[in-house]
Structures are given as C-alpha cells and as structure tokens.
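Remarks on the structure that follows.
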Amino acid sequence: MREALFYKQLEDNKVKCKLCPHECIIAEDKSGLCLGRENKDGKLYATNYGKTISLSMDPVEKKPLYHFYPGENILSIGPNGCNLRCKFCQNYTSSQEKVPTRDIDADQLLSYCKQNDSIGVAYTYTEPLIWYEYILDTAKILHENDKKVVLVTNGTINEEPLRKILPFVDAMNIDLKSMEDDFYKKVCSGFLEPVKNTIKTASKETHIEITNLVIPEYNDADENLNTMIDFLQNINPDIPLHISRYFPAYKLQAAPTPSSTLKKIYKMAKKRLNHVYIGNINIKNTMNTTCPECSELLIKRQGYFGIESKITKENTCHKCGHKIYGEHLYT
C-alpha cells in the first residue's frame, strides 16, 4: 500500500480521487468505485499496490496485439477491481468482486520476465489503470532492463495522469465499447469522451490497437459502427481494429454475435482502415495481416501460435516496401 497520486483533500476528512473521470468523493475508511483506493485518515491510499489476481505467460496476440512483437510471449498480471461496471463483463468475478491476490514487487516481475524469456509485462485481465502507482513504479524498472510495458485498458482515465504515464508505456490495447455516450452510461456506468481522448492522446505517444466487442442490439447499428470507423480513420487509418465476438456473461444475456454481423463489420472497416481483425471466433483469413499497398499476405496466423511473417526487419512489406504500422514485426 502507498499513498495515491492525483487526489484532493476535502472537508470532514473526505477525499476526491482525480485519477479517472468518476472522481469519486470518498469518506474516511471507504473505497472508491474501483475497489483499489481507500481513504485512511483523510489521505487516499492505493490499497491494491503490488497485489495481483493472476500471473501467467501469454502470447502477445492474446492481448490482443497483432502489430507488436508478433510471436512473442509476455508476462501478464492484473489488479482486483475496475472503474467501470459493464453489464457484459467477461471477467466480472475479479473485476466486480473482491478476490484473493498475491503480492509481487518489481524485482519479482523482472525475475519472472527473465526466467520465462518474456518481452516484458502486460498489465491486463481487469482494468490496469486503477493500479496506477504500481504500474508507474514498476514500468520504470522494466524499461531500465529493456523490457516492454503493455496496458490492456478501457481507457477511462483523466488526461493529466494519462500524460504522466505514457512515456513509460510501449503499447496499449484500448477497448472502445461504443460511439454512443448513452451506451457507456447505461451499460458500463462510464463515459465515452475520456476514452476517445485516451485514444487520441496515446496514438501520438505509443503503439496502440483498438478492440470493439460487438453486442447484438446494443452497439451493432451501422451508424454507430461507421462513426467508430470514421473516428479511427481520422486519427490514423493504420491503427489496428480488433472486432470481437460477444458471448453472454454477467448481467447481459443477449445472444452471441452472429458471424454474419462480424463479417459485415469487417468489410465495412476494411474500406477505410488498413488493419482489421476478427477475434473470439475462427473466420478464415480475418486474423492475417496483409499489406495495405499491394495486398501481399505478410503475417499468417493460426490461432495465437504458428505465426509466419514476411515483414522485413525495417517493418516494411517484403514485396513492395510499404511501411507497416507496428513494432518489431519481423519474426
């Protein structure tokens, strides 16, 4: 546990957390929405500091990151809690409820990375940004030892803490759940605009990829999808978009996303974005990377394994020389 960053002390020993847009006002001996920050004697503490729900080695493609060190493995850890309340949460048992954790410090993280030939650490599983102080401290040590730092996040964070942490982040997968603020409010208890700001800000500072979980009757309308595609295209059409199949979970029991819907969105997005993928279902050729210039097959994927790359060490297409968005794409 350590004192939290980004908070304001109020009257009656209350505090106002300034880490994310919820800006929880927390009474003494109470916790914020995210479960990881608690008011003790009028000071805000990160009570989740260094406490992880899991520790495992994953293919980097599982994050999902398809344009960042393809074929490599990364040590994955995550905190208990989240700053959203998504009704469809796939990890609700560890994001919405208190669960057992284990302590892991920076030296242990680094040791695990070296022992398992990991390219670095992915802060993932629930919402890593509620682990802000821990990530900031450990990321600096990982970078000093040439290890990469990855965030798999919902993007719900205020701009000042975001800008402070970005220099220590090598890649992010940001979950863009919808382009409708009502969806964020009613289904996720969150906000759209801060997520859009995170995407725009991070895109200028680090490698990013976007995931959109497609939920029938909730966020699969053409207008919403076209708005999302336009938004990403205007930032950078090279940013990879992962269209992900939804399955019933937690408080939302809508039917799974039809493959026909995913194929339709894939075709829509491919007209304006250079790198589009479908996840959570096996649809032929939708996991492969092709050259936006000459359509050459550059990375062939069979699940998370069997990665075959024809991208040069300079991150260019071996056939036409077009520069491919990403980092260390040569395998």
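Ligands are numbered from 1 in the order shown, residues from 1 within each chain, and chains are lettered A, B, ... in the order they appear in the structure tokens.
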- Task: Excluding Met179 in chain A and any residue of its chain fewer than 4 positions from it, enumerate the residues within 7 Å of it, using only C-alpha atoms, and give them as a list in words.
- Result: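 Answer for this query is Leu192, Asn224, Thr227 and Met228 of chain A.
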Could you write out that same residue set with N, CA and C atoms as a PDB file, in the first residue's frame?
```pdb
ATOM      1  N   LEU A 192     -17.959   8.155 -22.597  1.00  0.00           N
ATOM      2  CA  LEU A 192     -17.320   7.970 -23.901  1.00  0.00           C
ATOM      3  C   LEU A 192     -16.164   8.934 -24.131  1.00  0.00           C
ATOM      4  N   ASN A 224     -23.541   3.634 -35.583  1.00  0.00           N
ATOM      5  CA  ASN A 224     -22.538   3.590 -34.521  1.00  0.00           C
ATOM      6  C   ASN A 224     -21.205   3.073 -35.047  1.00  0.00           C
ATOM      7  N   THR A 227     -19.463   5.553 -37.367  1.00  0.00           N
ATOM      8  CA  THR A 227     -18.885   6.640 -36.579  1.00  0.00           C
ATOM      9  C   THR A 227     -17.560   6.201 -35.964  1.00  0.00           C
ATOM     10  N   MET A 228     -17.496   4.973 -35.473  1.00  0.00           N
ATOM     11  CA  MET A 228     -16.254   4.442 -34.907  1.00  0.00           C
ATOM     12  C   MET A 228     -15.161   4.346 -35.970  1.00  0.00           C
TER      13      MET A 228
END
```
- Quick one: residues within 8 Å of Gly71 in chain A, only C-alpha atoms counted, chain neighbours fewer than 6 positions away excluded, as a list in words? Pro59, Val60, Glu61, Tyr304, Phe305, Gly306, Ile307 and Thr331 of chain A
- Please identify all polymer residues within 8 Å of range 24-31 of chain A, counting only C-alpha atoms, omitting same-chain residues fewer than 6 positions from it, and present them as a list in words. Asn13, Lys14, Val15, Lys16, Cys17, Lys18, Arg37, Glu38, Asn39, Lys40, Asp41 and Gly42 of chain A
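For the choices A:Lys186, A:Lys263, A:Lys177, A:Lys164, the atom-to-atom distance to Thr201 in chain A is smallest for A:Lys164 when using only C-alpha atoms.
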- Would you mind reading off the distance between CA of Asn315 in chain A and CA of Pro292 in chain A, one decimal, in Å? 13.1 Å
- Give the answer as one residue: which of A:Lys8, A:Arg272, A:Lys51, A:His318 has the shortest atom-to-atom distance to Tyr134 in chain A, using only C-alpha atoms? A:Lys51
- Item | Given only C-alpha atoms as the counted atoms, nearest of A:Cys317, A:Asp137, A:His67, A:Leu176 to Met287 in chain A | A:His67
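In this structure, CA of Ile278 in chain A sits 26.4 Å away from CA of Glu314 in chain A.
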Please report as a tab-separated table every residue of range 147-251 of chain A lying within 7 Å of range 105-125 of chain A, along with the nearest atom pair and their distance in Å (one decimal), using only C-alpha atoms.
```
residue	atom	partner	partner_atom	distance
A:Lys147	CA	A:Gly120	CA	4.4
A:Lys148	CA	A:Gly120	CA	4.3
A:Val149	CA	A:Val121	CA	5.3
A:Val150	CA	A:Ala122	CA	4.5
A:Leu151	CA	A:Tyr123	CA	5.1
A:Val152	CA	A:Thr124	CA	5.0
```
Keeping only N, CA and C atoms, write the selected residues as a CSV table (one decimal), in the first residue's frame.
```csv
chain,number,residue,atom,x,y,z
A,147,LYS,N,12.8,-4.1,-20.9
A,147,LYS,CA,11.6,-4.9,-21.0
A,147,LYS,C,10.4,-4.0,-21.4
A,148,LYS,N,9.5,-4.5,-22.1
A,148,LYS,CA,8.3,-3.7,-22.6
A,148,LYS,C,7.2,-3.6,-21.6
A,149,VAL,N,6.4,-2.6,-21.7
A,149,VAL,CA,5.3,-2.3,-20.8
A,149,VAL,C,4.0,-2.2,-21.7
A,150,VAL,N,3.0,-3.0,-21.4
A,150,VAL,CA,1.8,-3.1,-22.2
A,150,VAL,C,0.6,-2.9,-21.3
A,151,LEU,N,-0.3,-2.0,-21.7
A,151,LEU,CA,-1.6,-1.8,-21.0
A,151,LEU,C,-2.7,-2.3,-21.8
A,152,VAL,N,-3.6,-3.2,-21.3
A,152,VAL,CA,-4.8,-3.6,-21.9
A,152,VAL,C,-5.9,-2.9,-21.1
```
- Message: Between A:Ile165, A:Tyr7, A:Tyr246, A:Thr286, which residue has the minimum interatomic distance to Lys267 in chain A, considering only C-alpha atoms?
- Response: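 Ranking A:Ile165, A:Tyr7, A:Tyr246, A:Thr286 by distance to Lys267 in chain A, first place goes to A:Thr286.
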- Message: At a cut-off of 7 Å, using only C-alpha atoms, what residues contact range 321-329 of chain A? Leave out same-chain residues fewer than 6 positions from it and give the result as a ChimeraX atom specification.
- Response: /A:67-70,207,238,293,311,315
- Message: Here is a test: counting only C-alpha atoms, which residue of A:Asn234, A:Ser56, A:Ser189, A:Gln253 is nearest to Ile215 in chain A?
- Response: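 Among A:Asn234, A:Ser56, A:Ser189, A:Gln253, it is A:Gln253 that comes nearest to Ile215 in chain A.
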- Task: Quick one: everything within 10 Å of Ile235 in chain A, counting only C-alpha atoms, minus sequence neighbours fewer than 2 positions away in the same chain. Send it as number ranges by chain.
- Result: A: 199-201, 203-204, 230-233, 237-239
Go ahead and save the residues from that selection, with C-alpha atoms, as a PDB file, in the first residue's frame.
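Output file part.pdb is given in full below:
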```pdb
ATOM      1  CA  ILE A 199      -7.108   7.038 -27.861  1.00  0.00           C
ATOM      2  CA  LYS A 200      -6.246  10.365 -29.488  1.00  0.00           C
ATOM      3  CA  THR A 201      -3.595  11.223 -26.901  1.00  0.00           C
ATOM      4  CA  SER A 203      -1.879   7.444 -30.537  1.00  0.00           C
ATOM      5  CA  LYS A 204       0.663  10.284 -30.627  1.00  0.00           C
ATOM      6  CA  ASP A 230     -14.514   7.383 -39.141  1.00  0.00           C
ATOM      7  CA  PHE A 231     -13.095   8.286 -35.730  1.00  0.00           C
ATOM      8  CA  LEU A 232     -10.187   5.857 -36.071  1.00  0.00           C
ATOM      9  CA  GLN A 233      -9.562   6.731 -39.714  1.00  0.00           C
ATOM     10  CA  PRO A 237      -6.045   4.525 -40.608  1.00  0.00           C
ATOM     11  CA  ASP A 238      -3.100   2.257 -39.742  1.00  0.00           C
ATOM     12  CA  ILE A 239      -4.288   1.690 -36.155  1.00  0.00           C
TER      13      ILE A 239
END
```
